[in-house]
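Please read the structure below before turning to the comments.
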2 protein chains.
Amino acid sequence: MIQVRSFAAGKWHFGDKGSIVLVDAVNGEPVAEVDSSGLDTGAMLRYARDTGGPAIRRLTFHQRALVLKELAGYLLQRKEEYYALSTHTGATRLDSWIDIDGGFGTLFTYSSKARRELPNDTVLIDGPTEQISKRGSFVGRHIFVSRRGAAVQINAFNFPVWGMLEKFAPAFLAGMATIVKPATVSSYVAHRVAEDMIRSGLLPEGSLQLIAGSTGDLLERLTLEDSVAFTGSRSTGLALKQLPSIQENSVPFTMEADSMNSSILGEDVRATDEEFALFIEEIANEMTTKAGQRCTAIRRVFVPGPLVPELLTRLQARLQKIAVGDPRIEGIKMGPLVSLAQRTEVRERVAELAGSCERIDVKTEIRIDGPDKGAFQTPTLLYARRPFDNAAVHEIEAFGPVTTVMGYRGTEELVALVKLGGGSLVSSIFTNNDSIARTIALGIAPYHGRLMIVNRRCAAESTGHGSPLPHLVHGGPGRAGGGEELGGMRSVLHFMQRTALQGSPTTLGAVYREYTRGGEVREEEKHPFKKYLEELQIGDSLLTHRRTITEGDISNFAGVSGDFFYAHVDELAARESMFGRRVAHGYFVLSASAGLFVFPGPGPVIANYGLENLRFVKPVFAGDTLQVRLTCKAIRPKEGEDNGIVEWDVVVRNQDGDEVALYTVLTLVKKLPRVEQPATI
Amino acid sequence: MIQVRSFAAGKWHFGDKGSIVLVDAVNGEPVAEVDSSGLDTGAMLRYARDTGGPAIRRLTFHQRALVLKELAGYLLQRKEEYYALSTHTGATRLDSWIDIDGGFGTLFTYSSKARRELPNDTVLIDGPTEQISKRGSFVGRHIFVSRRGAAVQINAFNFPVWGMLEKFAPAFLAGMATIVKPATVSSYVAHRVAEDMIRSGLLPEGSLQLIAGSTGDLLERLTLEDSVAFTGSRSTGLALKQLPSIQENSVPFTMEADSMNSSILGEDVRATDEEFALFIEEIANEMTTKAGQRCTAIRRVFVPGPLVPELLTRLQARLQKIAVGDPRIEGIKMGPLVSLAQRTEVRERVAELAGSCERIDVKTEIRIDGPDKGAFQTPTLLYARRPFDNAAVHEIEAFGPVTTVMGYRGTEELVALVKLGGGSLVSSIFTNNDSIARTIALGIAPYHGRLMIVNRRCAAESTGHGSPLPHLVHGGPGRAGGGEELGGMRSVLHFMQRTALQGSPTTLGAVYREYTRGGEVREEEKHPFKKYLEELQIGDSLLTHRRTITEGDISNFAGVSGDFFYAHVDELAARESMFGRRVAHGYFVLSASAGLFVFPGPGPVIANYGLENLRFVKPVFAGDTLQVRLTCKAIRPKEGEDNGIVEWDVVVRNQDGDEVALYTVLTLVKKLPRVEQPATI
């Protein structure tokens with residue numbers, strides 16, 4: 001029997017007050033035991049705050065991201081062990097794949113997105129500089145910094161691996177140390193993975209602690225620096241959220257609770273359309289994957305009234321094809337619920353729903369070797385004839401393979417019905433009419449964290465109604481908890497503090513290490529393009545020589561580019577234009593500016609790979625004389641590579657000192673060549 | 001005596017259960033009476049949800065912004081009436097200016113920022129398209145849509161006008177109808193302004209309702225669509241936040257509570273430095289503005305140990321110069337507290353603080369005509385000798401002209417002391433050393449919503465420690481409530497729902513009206529540049545003729561631009577570069593692309609005013625043949641002008657079909673010429 005130990009303040013712990021035994025969902029055999037008695041939660045919090053957090057924050061965002069990538073690779077090599085354990089929870093191979101490979105995929109995605117979207121730094125700038133003074137000597141800007149406390153993460157039983165990793169990844173990237181508490185019933189799976197995460201040696205000390213069992217008084221001890229991310233039942237979540245420690249210290253509490261998610265068939269769809277078949281398939285899949293034990297599962301199915309009979313018949317037939325049984329048997333598509341207690345719970349909820357619904361019989365035989373000691377629950381299909389008079393179908397969730405079908409008439413009625421769910425994680429819309437898609441999507445978006453719109457054009461690549469993706473927000477308003485998880489870097493920000501800064505542009509630039517226009521610059525004899533990445537400093541600046549733009553330049557540029565737009569080459573039409581006469585091409589101003597600021601010889605600047613925020617703010621006429629100020633704005637070394645990104649602020653002015661063009665140039669710049677050290681003998 | 005009526009479901013209401021009389025803060029004379037008994041809060045909520053919200057949401061963001069601008073202009077003309085009323089609350093002219101002109105300024109700023117930063121639409125796109133499928137037929141993207149409920153706004157007594165308008169503006173922009181509840185004691189000021197807002201006829205029906213007095217059971221009736229923004233005392237805020245209606249429905253609750261804000265003198269500053277004088281001035285101002293009744297006032301002053309005596313002496317002298325008295329008397333700089341009850345409260349808190357602090361005597365004479373019936377409280381300066389052993393000074397807030405000075409030694413100690421405040425709205429840092437500024441700012445940022453860094457270079461234009469700005473986040477973690485108000489469009493988003501969308505690029509584009517690369521395009525004979533704004537459609541696209549790039553082109557472009565970067569013109573050096581041989585200038589690819597897609601004759605496209613997200617993704621060599629796909633990406637008509645912005649997606653490919661450059665071109669495009677209608681006779 002596996003001893004599911006906790007990992008607290010750097011040590012493995014197993015209590016001595018008498019353990020709880022966890023059993024296999026199929027055959028009832030003991031699998032593991034849990035005992036968290038005697039945990040020192042105060043020490044755990046101190047360890048997270050004083051050891052783990054500081055250790056993570058010594059790494060930049062990119063370094064943290066690379067740790068996640070290595071970690072995912074390390075765990076991936078060991079995945080068969082996790083699959084074996086996962087089977088005890090009743091999971092089929094596919095269910096486990098969603099949990100285990102899905103979890104590792106989340107780490108990989110967070111790693112690559114963080115390296116693309118966050119700077120290689122520890123402070124994150126949020127939004128542009130705010131002009132809050134006339135002369136610009138006092139400006140404003142926002143930054144995100146790491147919160148300094150512990151990130152407590154409480155997970156549901158259904159996805160012990162994915163649930164742990166999808167919360168751990170953003171918290172780790174944000175610079176917070178995690179204390180994870182998996183649901184007890186499947187904790188042996190999370191425990192095994194957490195053990196490997198710690199054993200890998202890849203994580204800075206204190207990054208991850210684990211509570212197998214009860215959290216004891218952990219949550220009562222939280223202070224303003226800590227945070228909680230919770231996935232699970234609404235009632236538990238609400239109780240925790242209302243603890244005085246959490247309310248009084250405004251501890252961020254991200255709650256993601258199961259909800260009355262829906263799937264909708266558009267009124268344009270006929271029974272012979274591809275979308276009808278896709279709809280049936282999606283409902284059947286979502287009802288039976290993980291035996292319907294998903295926060296995102298489809299609990300309510302909305303169908304145009306006339307199509308209800310056809311839908312019920314075909315869905316019933318489809319569900320009857322699904323092989324239910326012991327997931328160890330070849331060909332089984334749906335396993336048991338996680339436990340007998342969970343089955344009792346589901347059956348009670350089904351009984352409540354059945355009071356006001358018609359039950360469509362789904363004939364299924366349970367395939368199992370030996371006597372049935374498992375928590376099997378066959379797919380349960382309900383039909384509610386009067387959905388507006390039936391509060392239960394919008395409120396009571398049976399957390400298993402159970403869904404209720406309802407008819408609707410018109411978008412207004414549909415939106416009203418969907419809204420009765422009180423806020424959901426996700427809804428899917430099946431339609432091949434983009435105008436209907438828009439009307440339904442915008443009508444129900446206020447009540448959802450995610451909407452999936454499926455038609456024949458995208459179905460083959462659709463990721464599925466029930467699958468949260470690391471790129472997209474997971475969470476929902478109202479009953480779904482009001483929280484936001486995942487969503488790319490959005491979820492990292494939920495673990496950080498946003499702070500507005502005010503001060504001189506030079507001072508603020510020194511705080512977040514980015515040159516702000518209006519700040520002081522540094523001019524040297526050496527051209528900034530001659531400096532290696534490490535030699536450059538924010539504010540290094542070049543004021544170029546000048547160039548007078550002539551009629552000949554404009555004509556030549558038209559010839560070379562082939563751009564004969566009337567405003568540049570047709571004096572008669574140009575006179576009638578907003579400019580009043582011929583103007584130089586914007587692209588010529590850009591090209592001539594490069595001619596002014598580029599150092600032509602070989603050097604550390606390898607390439608100009610892009611441009612941002614270009615604005616032509618004043619026209620340039622023949623006779624105007626241009627001069628460029630080029631200033632090093634940001635320096636972003638690439639982790640483990642021989643170069644980095646340098647952003648240059650460019651201001652082009654005319655003879656009156658007026659700005660004519662403003663932009664940011666993106667270049668690749670080499671790091672200093674590494675001197676090869678002779679091997680010591 | 002003013003009858004402070006409520007405005008409920010389109011009607012003015014005054015109760016009959018016996019009114020509360022509000023008195024002048026200086027002379028105790030009755031000013032107004034309040035009675036909210038008999039309010040039908042259910043009808044108010046229905047009116048906000050079913051009448052006000054839909055009416056606002058029929059306007060685009062830009063149209064809503066223009067309403068705010070007109071409204072600010074309308075109120076500005078009537079401001080002297082508000083100033084007269086404000087004096088009854090004990091406010092000096094300057095105090096009233098912060099409240100009244102500050103409120104109107106907030107409307108103006110929100111109006112102009114919204115028109116610059118939000119689309120002229122009702123749906124807001126959040127972030128880029130997420131690639132979640134291999135072939136790109138299924139993509140993800142986030143949008144923000146309006147929440148459909150009532151925005152309940154509860155305000156503090158100190159800034160009845162600003163407090164109302166700074167919450168109303170973002171809620172209105174977001175598309176939510178407001179129910180505002182000003183603090184009763186100064187409600188006659190807010191009431192007068194609200195009356196004019198409604199009377200102006202500028203607001204869509206139902207946009208604004210007012211509760212003067214008690215909210216009754218309003219908050220108990222809130223559901224998932226509603227929201228609460230609260231400013232006031234921590235204890236009241238906490239009680240409201242924990243109502244079952246709010247917790248169970250995950251009603252967004254933005255709390256902004258008074259906090260133990262601090263001001264810090266850097267260790268680099270000497271007593272003779274300009275920053276020392278600026279520091280003294282800021283503390284004196286912040287202590288006495290609005291008689292210290294500001295959520296953002298400086299409650300704790302941190303000074304390098306050796307400078308404490310000098311600081312106390314000079315601050316004492318400065319405070320003694322402040323004229324306290326009836327704000328109607330010329331030259332008075334500080335008026336009374338808002339009420340005698342408030343003074344009792346402040347004096348009790350001062351007594352608690354004085355137990356562990358030394359009190360520095362500030363000699364002040366109160367100037368008043370007639371007997372002193374006012375709620376006057378003279379500036380109170382305290383000194384805490386052992387700040388680490390003194391919990392009271394970090395926890396007990398006297399909401400009046402009261403501050404405590406403390407010494408510190410080193411940044412680490414400073415950060416620990418600041419943190420004892422448990423999370424604050426704002427801290428200010430006075431230093432002329434940018435490295436010290438960075439260390440302190442990043443050290444204390446996790447505990448603050450805003451940090452102001454002052455030195456001699458920016459002091460003249462500084463907006464002041466205590467002043468929240470519409471551009472910057474106002475709020476703070478922990479004790480300060482954990483909320484975010486203001487912060488430009490960030491606060492508008494807090495009144496909206498973020499929803500992830502998944503589907504085909506074409507379908508998603510139809511939902512949020514923006515072309516997504518990979519979506520279907522529409523090709524016609526007519527060049528898209530020949531279409532007026534109203535004739536253009538998202539997805540209108542042009543695949544251009546082609547152009548082979550020659551050695552001559554590259555040479556000519558180098559000559560015209562003056563850009564002789566070795567990678568373009570020096571074959572020997574180019575061979576050693578990452579490209580292996582000479583490449584065309586990126587700016588030439590850009591220019592030649594324009595030559596391919598621009599329609600040269602006069603037409604609706606007036607100007608190319610900028611470019612976004614340019615990436616050169618593959619080098620172009622002599623011999624390569626380029627072709628461009630130009631697609632209408634977004635159409636943004638300008639409200640009340642004869643043109644709009646059109647964004648064009650540009651993809652440049654070579655002969656192999658590989659993308660070589662990707663970007664978005666920004667153009668101004670004319671609306672259809674208006675046909676002058678002959679006047680009907």
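Residue numbering restarts at 1 for every chain of the structure tokens, chains are lettered A, B, ... in their displayed order, and ligands are numbered from 1 as they appear.
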Inset, instruction - Would you mind writing down, as a VMD selection string, each residue of range 504-638 of chain B that DSSP on the backbone assigns to helix (DSSP H, G or I)? - result: chain B and resid 505 to 512 528 to 530 551 to 561 566 to 569 571 to 576 586 to 597
Inset, instruction - Find the residues near Thr215 in chain A: any atom within 9 Å, counting only C-alpha atoms, skip ones fewer than 3 places away on the same chain, and give them as a VMD selection string. - result: chain A and resid 36 39 41 181 211 to 212 218 to 219
Inset, instruction - Identify, on the basis of only C-alpha atoms, every residue whose closest approach to range 476-490 of chain B does not exceed 8 Å; exclude the query and any residue fewer than 6 positions from it along the same chain; express the result as a VMD selection string. - result: (chain A and resid 223 to 225 248 to 252 497) or (chain B and resid 110 113 to 114 117 166 to 167 170 234 253 to 259 421 to 426 447 to 450 469 to 470)
Legend entry - Residue nearest Glu205 in chain A among A:Thr439, A:Thr178, A:Gln247, A:Ser186 (counting only C-alpha atoms):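 Looking at the shortest contact to Glu205 in chain A, the residue is A:Thr178.
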Inset, instruction - Could you jot down the CA of Asn433 in chain B to CA of Phe276 in chain B separation for me, Å, one decimal place? - result: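 Between these atoms lies a distance of 13.1 Å.
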Inset, instruction - Please provide the set of residues having any atom within 12 Å of Val21 in chain B, restricted to only C-alpha atoms, with same-chain residues fewer than 3 positions apart removed, written as a ChimeraX atom specification. - result: /B:1-4,18,24,28-35,184-188,213
Dump of C-alpha atoms for the selected residues, as a PDB file, in the first residue's frame:
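And here's result25.pdb as it stands now:
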```
ATOM      1  CA  MET B   1     -33.210  73.124   4.457  1.00  0.00           C
ATOM      2  CA  ILE B   2     -32.303  70.956   1.478  1.00  0.00           C
ATOM      3  CA  GLN B   3     -34.348  67.811   1.010  1.00  0.00           C
ATOM      4  CA  VAL B   4     -31.859  65.213  -0.182  1.00  0.00           C
ATOM      5  CA  GLY B  18     -38.704  60.697   9.864  1.00  0.00           C
ATOM      6  CA  ASP B  24     -22.798  72.435   8.803  1.00  0.00           C
ATOM      7  CA  GLY B  28     -23.620  73.234  13.464  1.00  0.00           C
ATOM      8  CA  GLU B  29     -26.528  74.841  11.587  1.00  0.00           C
ATOM      9  CA  PRO B  30     -28.910  72.436   9.826  1.00  0.00           C
ATOM     10  CA  VAL B  31     -28.162  72.141   6.120  1.00  0.00           C
ATOM     11  CA  ALA B  32     -30.172  69.242   4.788  1.00  0.00           C
ATOM     12  CA  GLU B  33     -32.391  66.318   5.644  1.00  0.00           C
ATOM     13  CA  VAL B  34     -32.354  62.754   4.367  1.00  0.00           C
ATOM     14  CA  ASP B  35     -34.975  60.005   4.384  1.00  0.00           C
ATOM     15  CA  THR B 184     -25.116  60.354   4.144  1.00  0.00           C
ATOM     16  CA  VAL B 185     -23.250  63.106   6.026  1.00  0.00           C
ATOM     17  CA  SER B 186     -22.218  64.959   2.835  1.00  0.00           C
ATOM     18  CA  SER B 187     -24.908  63.515   0.563  1.00  0.00           C
ATOM     19  CA  TYR B 188     -26.392  66.940  -0.216  1.00  0.00           C
ATOM     20  CA  GLY B 213     -29.663  57.551   3.066  1.00  0.00           C
TER      21      GLY B 213
END
```
Inset, instruction - Considering only C-alpha atoms, state which residue in the set B:Gly562, B:Pro637, B:Gly127, B:Gly163 is at the smallest distance from chain A. - result: B:Gly562
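Relative to CA of Thr506 in chain A, CA of Asp434 in chain B is found at 8.0 Å.
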Inset, instruction - Compile the contact shell of Gly105 in chain B as a list in words: residues with an atom at most 10 Å away, counting only C-alpha atoms, same-chain residues fewer than 2 positions apart removed. - result: Lys69, Ala72, Gly73, Leu76, Ile98, Asp99, Ile100, Asp101, Gly102, Gly103, Leu107, Phe108, Thr109, Tyr110, Ser111, Trp162, Leu165, Glu166, Leu469 and Pro470 of chain B
Grab the residues selected above and save them as an mmCIF file, in the first residue's frame with N, CA, C and O atoms.
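Written output follows (selection28.cif):
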```
data_model
loop_
_atom_site.group_PDB
_atom_site.id
_atom_site.type_symbol
_atom_site.label_atom_id
_atom_site.label_comp_id
_atom_site.auth_asym_id
_atom_site.auth_seq_id
_atom_site.Cartn_x
_atom_site.Cartn_y
_atom_site.Cartn_z
ATOM 1 N N LYS B 69 -18.051 63.561 -21.859
ATOM 2 C CA LYS B 69 -17.439 64.859 -22.113
ATOM 3 C C LYS B 69 -18.485 65.974 -22.042
ATOM 4 O O LYS B 69 -18.261 67.006 -21.388
ATOM 5 N N ALA B 72 -19.480 66.527 -18.450
ATOM 6 C CA ALA B 72 -18.491 67.273 -17.675
ATOM 7 C C ALA B 72 -18.607 68.764 -17.980
ATOM 8 O O ALA B 72 -18.545 69.609 -17.075
ATOM 9 N N GLY B 73 -18.792 69.095 -19.266
ATOM 10 C CA GLY B 73 -18.946 70.497 -19.645
ATOM 11 C C GLY B 73 -20.186 71.111 -19.013
ATOM 12 O O GLY B 73 -20.157 72.242 -18.509
ATOM 13 N N LEU B 76 -19.563 71.606 -15.291
ATOM 14 C CA LEU B 76 -18.543 72.620 -15.052
ATOM 15 C C LEU B 76 -19.160 74.018 -15.002
ATOM 16 O O LEU B 76 -18.745 74.874 -14.203
ATOM 17 N N ILE B 98 -10.361 69.911 -5.361
ATOM 18 C CA ILE B 98 -9.965 68.507 -5.546
ATOM 19 C C ILE B 98 -11.184 67.652 -5.818
ATOM 20 O O ILE B 98 -11.193 66.790 -6.691
ATOM 21 N N ASP B 99 -12.240 67.926 -5.066
ATOM 22 C CA ASP B 99 -13.460 67.124 -5.173
ATOM 23 C C ASP B 99 -14.230 67.435 -6.460
ATOM 24 O O ASP B 99 -14.564 66.530 -7.226
ATOM 25 N N ILE B 100 -14.471 68.713 -6.688
ATOM 26 C CA ILE B 100 -15.406 69.108 -7.753
ATOM 27 C C ILE B 100 -14.690 69.174 -9.107
ATOM 28 O O ILE B 100 -15.029 68.440 -10.038
ATOM 29 N N ASP B 101 -13.700 70.035 -9.221
ATOM 30 C CA ASP B 101 -12.971 70.092 -10.497
ATOM 31 C C ASP B 101 -12.246 68.773 -10.743
ATOM 32 O O ASP B 101 -12.125 68.332 -11.887
ATOM 33 N N GLY B 102 -11.776 68.155 -9.666
ATOM 34 C CA GLY B 102 -11.134 66.847 -9.803
ATOM 35 C C GLY B 102 -12.099 65.827 -10.384
ATOM 36 O O GLY B 102 -11.720 64.998 -11.220
ATOM 37 N N GLY B 103 -13.342 65.880 -9.965
ATOM 38 C CA GLY B 103 -14.360 64.973 -10.492
ATOM 39 C C GLY B 103 -14.619 65.210 -11.973
ATOM 40 O O GLY B 103 -14.666 64.267 -12.768
ATOM 41 N N LEU B 107 -13.914 62.893 -15.507
ATOM 42 C CA LEU B 107 -14.809 62.620 -16.645
ATOM 43 C C LEU B 107 -14.129 62.957 -17.973
ATOM 44 O O LEU B 107 -14.179 62.176 -18.927
ATOM 45 N N PHE B 108 -13.494 64.125 -18.026
ATOM 46 C CA PHE B 108 -12.818 64.525 -19.269
ATOM 47 C C PHE B 108 -11.723 63.522 -19.642
ATOM 48 O O PHE B 108 -11.587 63.123 -20.795
ATOM 49 N N THR B 109 -10.926 63.139 -18.656
ATOM 50 C CA THR B 109 -9.829 62.213 -18.955
ATOM 51 C C THR B 109 -10.366 60.870 -19.434
ATOM 52 O O THR B 109 -9.877 60.305 -20.414
ATOM 53 N N TYR B 110 -11.388 60.355 -18.737
ATOM 54 C CA TYR B 110 -11.957 59.077 -19.179
ATOM 55 C C TYR B 110 -12.534 59.181 -20.580
ATOM 56 O O TYR B 110 -12.428 58.257 -21.382
ATOM 57 N N SER B 111 -13.131 60.327 -20.873
ATOM 58 C CA SER B 111 -13.718 60.506 -22.193
ATOM 59 C C SER B 111 -12.632 60.456 -23.267
ATOM 60 O O SER B 111 -12.764 59.746 -24.274
ATOM 61 N N TRP B 162 -16.138 63.854 -6.621
ATOM 62 C CA TRP B 162 -15.125 63.022 -7.268
ATOM 63 C C TRP B 162 -15.435 61.542 -7.071
ATOM 64 O O TRP B 162 -15.379 60.741 -8.008
ATOM 65 N N LEU B 165 -18.164 60.447 -9.402
ATOM 66 C CA LEU B 165 -17.856 60.485 -10.834
ATOM 67 C C LEU B 165 -16.747 59.506 -11.228
ATOM 68 O O LEU B 165 -16.767 58.959 -12.330
ATOM 69 N N GLU B 166 -15.790 59.290 -10.340
ATOM 70 C CA GLU B 166 -14.685 58.384 -10.700
ATOM 71 C C GLU B 166 -15.156 56.933 -10.763
ATOM 72 O O GLU B 166 -14.488 56.102 -11.361
ATOM 73 N N LEU B 469 -5.100 59.480 -9.697
ATOM 74 C CA LEU B 469 -5.295 60.034 -11.037
ATOM 75 C C LEU B 469 -6.099 59.044 -11.868
ATOM 76 O O LEU B 469 -5.946 57.836 -11.702
ATOM 77 N N PRO B 470 -6.915 59.562 -12.781
ATOM 78 C CA PRO B 470 -7.704 58.631 -13.602
ATOM 79 C C PRO B 470 -6.846 57.686 -14.433
ATOM 80 O O PRO B 470 -7.297 56.606 -14.789
#
```
Legend entry - Coordinates-based distance that separates CA of His465 in chain B from CA of Val193 in chain B (Å, one decimal):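 Between CA of Val193 in chain B and CA of His465 in chain B the gap is 26.8 Å.
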Legend entry - Selected residue of minimal separation from Leu202 in chain A among A:Asp95, A:Asp50, A:Glu70, A:Glu397, counting only C-alpha atoms: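 Checking each of A:Asp95, A:Asp50, A:Glu70, A:Glu397 against Leu202 in chain A, counting only C-alpha atoms, the winner is A:Glu70.
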Inset, instruction - Name the residues in contact with Leu353 in chain A at a cut-off of 9 Å, using only C-alpha atoms, excluding same-chain residues fewer than 6 positions from it; report them as a list in words. - result: Leu382, Ala392, Val393, Ile396, Glu397, Ala398 and Thr404 of chain A
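Neighbours of range 583-585 of chain A closer than or equal to 9 Å, with only C-alpha atoms counted and sequence neighbours fewer than 3 positions away skipped, come out as Ile549, Thr550, Glu551, Asp553, Ile554, Phe557, Ala558, Asp563, Phe565, Ala567, His568, Val569, Ala574, Phe579, Gly580, Phe588, Val589, Leu590, Pro619, Val620, Phe621 and Ala622 of chain A.
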